[in-house]
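A.B. asks: For reference, the file model-v7.cif (mmCIF, N, CA and C atoms; chains and numbers go by the auth columns) is included below:
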```cif
data_coords
#
loop_
_atom_site.group_PDB
_atom_site.id
_atom_site.type_symbol
_atom_site.label_atom_id
_atom_site.label_comp_id
_atom_site.label_asym_id
_atom_site.label_seq_id
_atom_site.Cartn_x
_atom_site.Cartn_y
_atom_site.Cartn_z
_atom_site.B_iso_or_equiv
_atom_site.auth_seq_id
_atom_site.auth_asym_id
ATOM 1 N N MET A 1 5.505 -9.185 -23.609 0.00 88 A
ATOM 2 C CA MET A 1 5.237 -9.242 -22.200 0.00 88 A
ATOM 3 C C MET A 1 4.454 -7.996 -21.818 0.00 88 A
ATOM 4 N N ARG A 2 3.470 -8.179 -20.967 0.00 89 A
ATOM 5 C CA ARG A 2 2.651 -7.067 -20.494 0.00 89 A
ATOM 6 C C ARG A 2 2.743 -7.016 -18.976 0.00 89 A
ATOM 7 N N ILE A 3 2.983 -5.839 -18.428 0.00 90 A
ATOM 8 C CA ILE A 3 3.099 -5.665 -16.983 0.00 90 A
ATOM 9 C C ILE A 3 1.996 -4.730 -16.530 0.00 90 A
ATOM 10 N N ASP A 4 1.137 -5.219 -15.629 0.00 91 A
ATOM 11 C CA ASP A 4 0.060 -4.418 -15.060 0.00 91 A
ATOM 12 C C ASP A 4 0.439 -4.065 -13.628 0.00 91 A
ATOM 13 N N GLU A 5 0.360 -2.774 -13.327 0.00 92 A
ATOM 14 C CA GLU A 5 0.721 -2.299 -11.993 0.00 92 A
ATOM 15 C C GLU A 5 -0.481 -1.586 -11.401 0.00 92 A
ATOM 16 N N LEU A 6 -0.894 -1.987 -10.206 0.00 93 A
ATOM 17 C CA LEU A 6 -2.010 -1.347 -9.525 0.00 93 A
ATOM 18 C C LEU A 6 -1.452 -0.417 -8.456 0.00 93 A
ATOM 19 N N ARG A 7 -1.791 0.867 -8.568 0.00 94 A
ATOM 20 C CA ARG A 7 -1.373 1.860 -7.578 0.00 94 A
ATOM 21 C C ARG A 7 -2.604 2.473 -6.935 0.00 94 A
ATOM 22 N N ILE A 8 -2.534 2.629 -5.632 0.00 95 A
ATOM 23 C CA ILE A 8 -3.590 3.298 -4.886 0.00 95 A
ATOM 24 C C ILE A 8 -2.933 4.422 -4.102 0.00 95 A
ATOM 25 N N ARG A 9 -3.359 5.665 -4.412 0.00 96 A
ATOM 26 C CA ARG A 9 -2.774 6.868 -3.805 0.00 96 A
ATOM 27 C C ARG A 9 -1.260 6.894 -3.967 0.00 96 A
ATOM 28 N N GLY A 10 -0.777 6.480 -5.138 0.00 97 A
ATOM 29 C CA GLY A 10 0.638 6.520 -5.454 0.00 97 A
ATOM 30 C C GLY A 10 1.455 5.349 -4.933 0.00 97 A
ATOM 31 N N GLU A 11 0.851 4.465 -4.160 0.00 98 A
ATOM 32 C CA GLU A 11 1.565 3.315 -3.598 0.00 98 A
ATOM 33 C C GLU A 11 1.259 2.069 -4.423 0.00 98 A
ATOM 34 N N VAL A 12 2.308 1.352 -4.814 0.00 99 A
ATOM 35 C CA VAL A 12 2.131 0.137 -5.609 0.00 99 A
ATOM 36 C C VAL A 12 1.518 -0.944 -4.725 0.00 99 A
ATOM 37 N N ARG A 13 0.409 -1.525 -5.168 0.00 100 A
ATOM 38 C CA ARG A 13 -0.285 -2.579 -4.416 0.00 100 A
ATOM 39 C C ARG A 13 -0.049 -3.952 -5.010 0.00 100 A
ATOM 40 N N SER A 14 0.033 -4.049 -6.353 0.00 101 A
ATOM 41 C CA SER A 14 0.279 -5.339 -6.984 0.00 101 A
ATOM 42 C C SER A 14 0.893 -5.137 -8.360 0.00 101 A
ATOM 43 N N ILE A 15 1.688 -6.121 -8.783 0.00 102 A
ATOM 44 C CA ILE A 15 2.298 -6.131 -10.110 0.00 102 A
ATOM 45 C C ILE A 15 2.020 -7.502 -10.714 0.00 102 A
ATOM 46 N N THR A 16 1.404 -7.523 -11.901 0.00 103 A
ATOM 47 C CA THR A 16 1.091 -8.765 -12.595 0.00 103 A
ATOM 48 C C THR A 16 1.794 -8.757 -13.949 0.00 103 A
ATOM 49 N N VAL A 17 2.479 -9.852 -14.265 0.00 104 A
ATOM 50 C CA VAL A 17 3.223 -9.969 -15.517 0.00 104 A
ATOM 51 C C VAL A 17 2.547 -11.041 -16.376 0.00 104 A
ATOM 52 N N GLN A 18 2.215 -10.673 -17.621 0.00 105 A
ATOM 53 C CA GLN A 18 1.567 -11.596 -18.547 0.00 105 A
ATOM 54 C C GLN A 18 2.432 -11.730 -19.797 0.00 105 A
ATOM 55 N N SER A 19 2.701 -12.956 -20.192 0.00 106 A
ATOM 56 C CA SER A 19 3.500 -13.229 -21.385 0.00 106 A
ATOM 57 C C SER A 19 2.625 -13.145 -22.627 0.00 106 A
ATOM 58 N N LYS A 20 3.239 -12.807 -23.756 0.00 107 A
ATOM 59 C CA LYS A 20 2.522 -12.803 -25.032 0.00 107 A
ATOM 60 C C LYS A 20 2.451 -14.200 -25.630 0.00 107 A
ATOM 61 N N LEU A 21 3.226 -15.135 -25.104 0.00 108 A
ATOM 62 C CA LEU A 21 3.222 -16.495 -25.620 0.00 108 A
ATOM 63 C C LEU A 21 1.952 -17.221 -25.203 0.00 108 A
ATOM 64 N N PRO A 22 1.320 -17.952 -26.102 0.00 109 A
ATOM 65 C CA PRO A 22 0.097 -18.673 -25.743 0.00 109 A
ATOM 66 C C PRO A 22 0.398 -19.811 -24.761 0.00 109 A
ATOM 67 N N GLY A 23 -0.485 -19.982 -23.800 0.00 110 A
ATOM 68 C CA GLY A 23 -0.360 -21.074 -22.839 0.00 110 A
ATOM 69 C C GLY A 23 0.497 -20.757 -21.631 0.00 110 A
ATOM 70 N N VAL A 24 1.144 -19.594 -21.607 0.00 111 A
ATOM 71 C CA VAL A 24 1.970 -19.219 -20.459 0.00 111 A
ATOM 72 C C VAL A 24 1.103 -18.440 -19.483 0.00 111 A
ATOM 73 N N ARG A 25 1.045 -18.929 -18.248 0.00 112 A
ATOM 74 C CA ARG A 25 0.186 -18.302 -17.238 0.00 112 A
ATOM 75 C C ARG A 25 0.826 -17.029 -16.691 0.00 112 A
ATOM 76 N N PRO A 26 0.005 -16.029 -16.363 0.00 113 A
ATOM 77 C CA PRO A 26 0.552 -14.807 -15.754 0.00 113 A
ATOM 78 C C PRO A 26 1.033 -15.091 -14.335 0.00 113 A
ATOM 79 N N TYR A 27 1.934 -14.245 -13.860 0.00 114 A
ATOM 80 C CA TYR A 27 2.394 -14.370 -12.480 0.00 114 A
ATOM 81 C C TYR A 27 2.416 -13.003 -11.819 0.00 114 A
ATOM 82 N N GLU A 28 2.459 -13.013 -10.497 0.00 115 A
ATOM 83 C CA GLU A 28 2.431 -11.784 -9.715 0.00 115 A
ATOM 84 C C GLU A 28 3.762 -11.612 -8.995 0.00 115 A
ATOM 85 N N VAL A 29 4.238 -10.371 -8.926 0.00 116 A
ATOM 86 C CA VAL A 29 5.448 -10.051 -8.178 0.00 116 A
ATOM 87 C C VAL A 29 5.001 -9.473 -6.846 0.00 116 A
ATOM 88 N N LEU A 30 5.452 -10.064 -5.738 0.00 117 A
ATOM 89 C CA LEU A 30 5.050 -9.597 -4.417 0.00 117 A
ATOM 90 C C LEU A 30 5.648 -8.224 -4.136 0.00 117 A
ATOM 91 N N VAL A 31 4.839 -7.359 -3.517 0.00 118 A
ATOM 92 C CA VAL A 31 5.229 -5.987 -3.235 0.00 118 A
ATOM 93 C C VAL A 31 5.290 -5.777 -1.722 0.00 118 A
ATOM 94 N N ARG A 32 6.306 -5.030 -1.276 0.00 119 A
ATOM 95 C CA ARG A 32 6.411 -4.709 0.156 0.00 119 A
ATOM 96 C C ARG A 32 5.275 -3.784 0.562 0.00 119 A
ATOM 97 N N PRO A 33 4.804 -3.906 1.800 0.00 120 A
ATOM 98 C CA PRO A 33 3.791 -2.962 2.279 0.00 120 A
ATOM 99 C C PRO A 33 4.404 -1.583 2.476 0.00 120 A
ATOM 100 N N GLY A 34 3.576 -0.541 2.431 0.00 121 A
ATOM 101 C CA GLY A 34 4.065 0.816 2.636 0.00 121 A
ATOM 102 C C GLY A 34 4.596 1.005 4.045 0.00 121 A
ATOM 103 N N GLY A 35 5.471 1.993 4.218 0.00 122 A
ATOM 104 C CA GLY A 35 6.049 2.247 5.524 0.00 122 A
ATOM 105 C C GLY A 35 7.066 1.201 5.939 0.00 122 A
ATOM 106 N N PHE A 36 7.702 0.546 4.964 0.00 123 A
ATOM 107 C CA PHE A 36 8.639 -0.529 5.238 0.00 123 A
ATOM 108 C C PHE A 36 9.952 0.030 5.777 0.00 123 A
ATOM 109 N N ASP A 37 10.511 -0.592 6.815 0.00 124 A
ATOM 110 C CA ASP A 37 11.803 -0.225 7.375 0.00 124 A
ATOM 111 C C ASP A 37 12.870 -1.085 6.706 0.00 124 A
ATOM 112 N N PRO A 38 13.785 -0.499 5.912 0.00 125 A
ATOM 113 C CA PRO A 38 14.766 -1.300 5.173 0.00 125 A
ATOM 114 C C PRO A 38 15.727 -2.094 6.046 0.00 125 A
ATOM 115 N N SER A 39 15.840 -1.750 7.326 0.00 126 A
ATOM 116 C CA SER A 39 16.737 -2.504 8.199 0.00 126 A
ATOM 117 C C SER A 39 16.137 -3.849 8.609 0.00 126 A
ATOM 118 N N GLN A 40 14.839 -4.031 8.343 0.00 127 A
ATOM 119 C CA GLN A 40 14.174 -5.296 8.665 0.00 127 A
ATOM 120 C C GLN A 40 14.275 -6.247 7.483 0.00 127 A
ATOM 121 N N ASP A 41 14.084 -7.535 7.751 0.00 128 A
ATOM 122 C CA ASP A 41 14.086 -8.536 6.690 0.00 128 A
ATOM 123 C C ASP A 41 12.938 -8.250 5.740 0.00 128 A
ATOM 124 N N ARG A 42 13.197 -8.304 4.421 0.00 129 A
ATOM 125 C CA ARG A 42 12.148 -7.982 3.457 0.00 129 A
ATOM 126 C C ARG A 42 11.240 -9.152 3.136 0.00 129 A
ATOM 127 N N GLY A 43 11.520 -10.324 3.640 0.00 130 A
ATOM 128 C CA GLY A 43 10.649 -11.472 3.433 0.00 130 A
ATOM 129 C C GLY A 43 10.576 -11.874 1.976 0.00 130 A
ATOM 130 N N ALA A 44 9.373 -12.051 1.453 0.00 131 A
ATOM 131 C CA ALA A 44 9.181 -12.552 0.098 0.00 131 A
ATOM 132 C C ALA A 44 9.008 -11.438 -0.931 0.00 131 A
ATOM 133 N N ALA A 45 9.127 -10.174 -0.538 0.00 132 A
ATOM 134 C CA ALA A 45 8.929 -9.066 -1.476 0.00 132 A
ATOM 135 C C ALA A 45 9.900 -9.174 -2.637 0.00 132 A
ATOM 136 N N GLY A 46 9.388 -8.989 -3.853 0.00 133 A
ATOM 137 C CA GLY A 46 10.206 -9.063 -5.053 0.00 133 A
ATOM 138 C C GLY A 46 10.237 -10.443 -5.682 0.00 133 A
ATOM 139 N N HIS A 47 9.666 -11.434 -5.026 0.00 134 A
ATOM 140 C CA HIS A 47 9.633 -12.795 -5.565 0.00 134 A
ATOM 141 C C HIS A 47 8.402 -12.983 -6.449 0.00 134 A
ATOM 142 N N SER A 48 8.503 -13.906 -7.390 0.00 135 A
ATOM 143 C CA SER A 48 7.393 -14.209 -8.298 0.00 135 A
ATOM 144 C C SER A 48 6.495 -15.276 -7.694 0.00 135 A
ATOM 145 N N VAL A 49 5.183 -15.124 -7.924 0.00 136 A
ATOM 146 C CA VAL A 49 4.198 -16.065 -7.396 0.00 136 A
ATOM 147 C C VAL A 49 3.232 -16.426 -8.519 0.00 136 A
ATOM 148 N N TRP A 50 3.022 -17.716 -8.735 0.00 137 A
ATOM 149 C CA TRP A 50 2.059 -18.180 -9.735 0.00 137 A
ATOM 150 C C TRP A 50 0.813 -18.692 -9.038 0.00 137 A
ATOM 151 N N SER A 51 -0.341 -18.409 -9.616 0.00 138 A
ATOM 152 C CA SER A 51 -1.605 -18.946 -9.110 0.00 138 A
ATOM 153 C C SER A 51 -1.810 -20.336 -9.689 0.00 138 A
ATOM 154 N N LEU A 52 -2.073 -21.298 -8.829 0.00 139 A
ATOM 155 C CA LEU A 52 -2.292 -22.665 -9.312 0.00 139 A
ATOM 156 C C LEU A 52 -3.739 -22.905 -9.685 0.00 139 A
ATOM 157 N N PHE A 53 -4.646 -22.271 -8.976 0.00 140 A
ATOM 158 C CA PHE A 53 -6.073 -22.444 -9.231 0.00 140 A
ATOM 159 C C PHE A 53 -6.734 -21.082 -9.267 0.00 140 A
ATOM 160 N N SER A 54 -7.792 -20.969 -10.036 0.00 141 A
ATOM 161 C CA SER A 54 -8.597 -19.740 -10.015 0.00 141 A
ATOM 162 C C SER A 54 -10.058 -20.140 -9.896 0.00 141 A
ATOM 163 N N PHE A 55 -10.788 -19.396 -9.107 0.00 142 A
ATOM 164 C CA PHE A 55 -12.197 -19.711 -8.855 0.00 142 A
ATOM 165 C C PHE A 55 -13.070 -18.634 -9.426 0.00 142 A
#
```
Please re-express this file's structure in structure tokens.
C.D. replies:
Amino acid sequence: MRIDELRIRGEVRSITVQSKLPGVRPYEVLVRPGGFDPSQDRGAAGHSVWSLFSF
């Protein structure tokens, strides 16, 4: 498994996970925006998202 993390000025912007198994599509882990207030609902942050189409 390979995990790619994109950071801009120390803040995580995106996380992409790629399997070493052939035919398994990579997926992205949603990241909370910076300045997040933990008392608020976190929404979809931390959930996995697969791309169905690529252009």
A.B. asks: Considering all atoms listed in the file, return as a list in words whatever protein or nucleic-acid residues lie within 7 Å of Thr103 in chain A, sequence-local ones (same chain, fewer than 4 positions apart) excluded.
C.D. replies: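 Residues near the query, excluding close chain neighbours: Arg89, Ile90, Asp91, Glu92, Leu93, Pro113, Tyr114, Glu115 and Val116 of chain A.
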A.B. asks: How many Å lie between atom C of Glu98 in chain A and CA of Val118 in chain A, rounded to one decimal?
C.D. replies: 9.1 Å
A.B. asks: Using all atoms listed in the file, which residues sit within 7 Å of Met88 in chain A once same-chain residues fewer than 3 positions away are excluded, as a PDB file with N, CA and C atoms, in the coordinates of the input?
C.D. replies:
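Once written, around-v6.pdb looks like this:
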```pdb
ATOM      1  N   VAL A 104       2.479  -9.852 -14.265  1.00  0.00           N
ATOM      2  CA  VAL A 104       3.223  -9.969 -15.517  1.00  0.00           C
ATOM      3  C   VAL A 104       2.547 -11.041 -16.376  1.00  0.00           C
ATOM      4  N   GLN A 105       2.215 -10.673 -17.621  1.00  0.00           N
ATOM      5  CA  GLN A 105       1.567 -11.596 -18.547  1.00  0.00           C
ATOM      6  C   GLN A 105       2.432 -11.730 -19.797  1.00  0.00           C
ATOM      7  N   SER A 106       2.701 -12.956 -20.192  1.00  0.00           N
ATOM      8  CA  SER A 106       3.500 -13.229 -21.385  1.00  0.00           C
ATOM      9  C   SER A 106       2.625 -13.145 -22.627  1.00  0.00           C
ATOM     10  N   LYS A 107       3.239 -12.807 -23.756  1.00  0.00           N
ATOM     11  CA  LYS A 107       2.522 -12.803 -25.032  1.00  0.00           C
ATOM     12  C   LYS A 107       2.451 -14.200 -25.630  1.00  0.00           C
ATOM     13  N   LEU A 108       3.226 -15.135 -25.104  1.00  0.00           N
ATOM     14  CA  LEU A 108       3.222 -16.495 -25.620  1.00  0.00           C
ATOM     15  C   LEU A 108       1.952 -17.221 -25.203  1.00  0.00           C
TER      16      LEU A 108
END
```
A.B. asks: Could you jot down the CA of Val99 in chain A to atom N of Arg119 in chain A separation for me, Å, one decimal place?
C.D. replies: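 The value is 7.9 Å.
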A.B. asks: What are the centre and the three edge lengths of an axis-aligned box that wraps all atoms of range 113-118 of chain A in the file, given that 6 Å is added to every side, written as JSON and rounded to one decimal in Å?
C.D. replies:
```
{"center_x": 2.8, "center_y": -10.9, "center_z": -9.0, "size_x": 17.6, "size_y": 22.3, "size_z": 26.6}
```
A.B. asks: Can you measure atom N of Arg100 in chain A to atom N of Arg112 in chain A for me? One decimal in Å is fine.
C.D. replies: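 According to the coordinates, atom N of Arg100 in chain A and atom N of Arg112 in chain A are separated by 21.8 Å.
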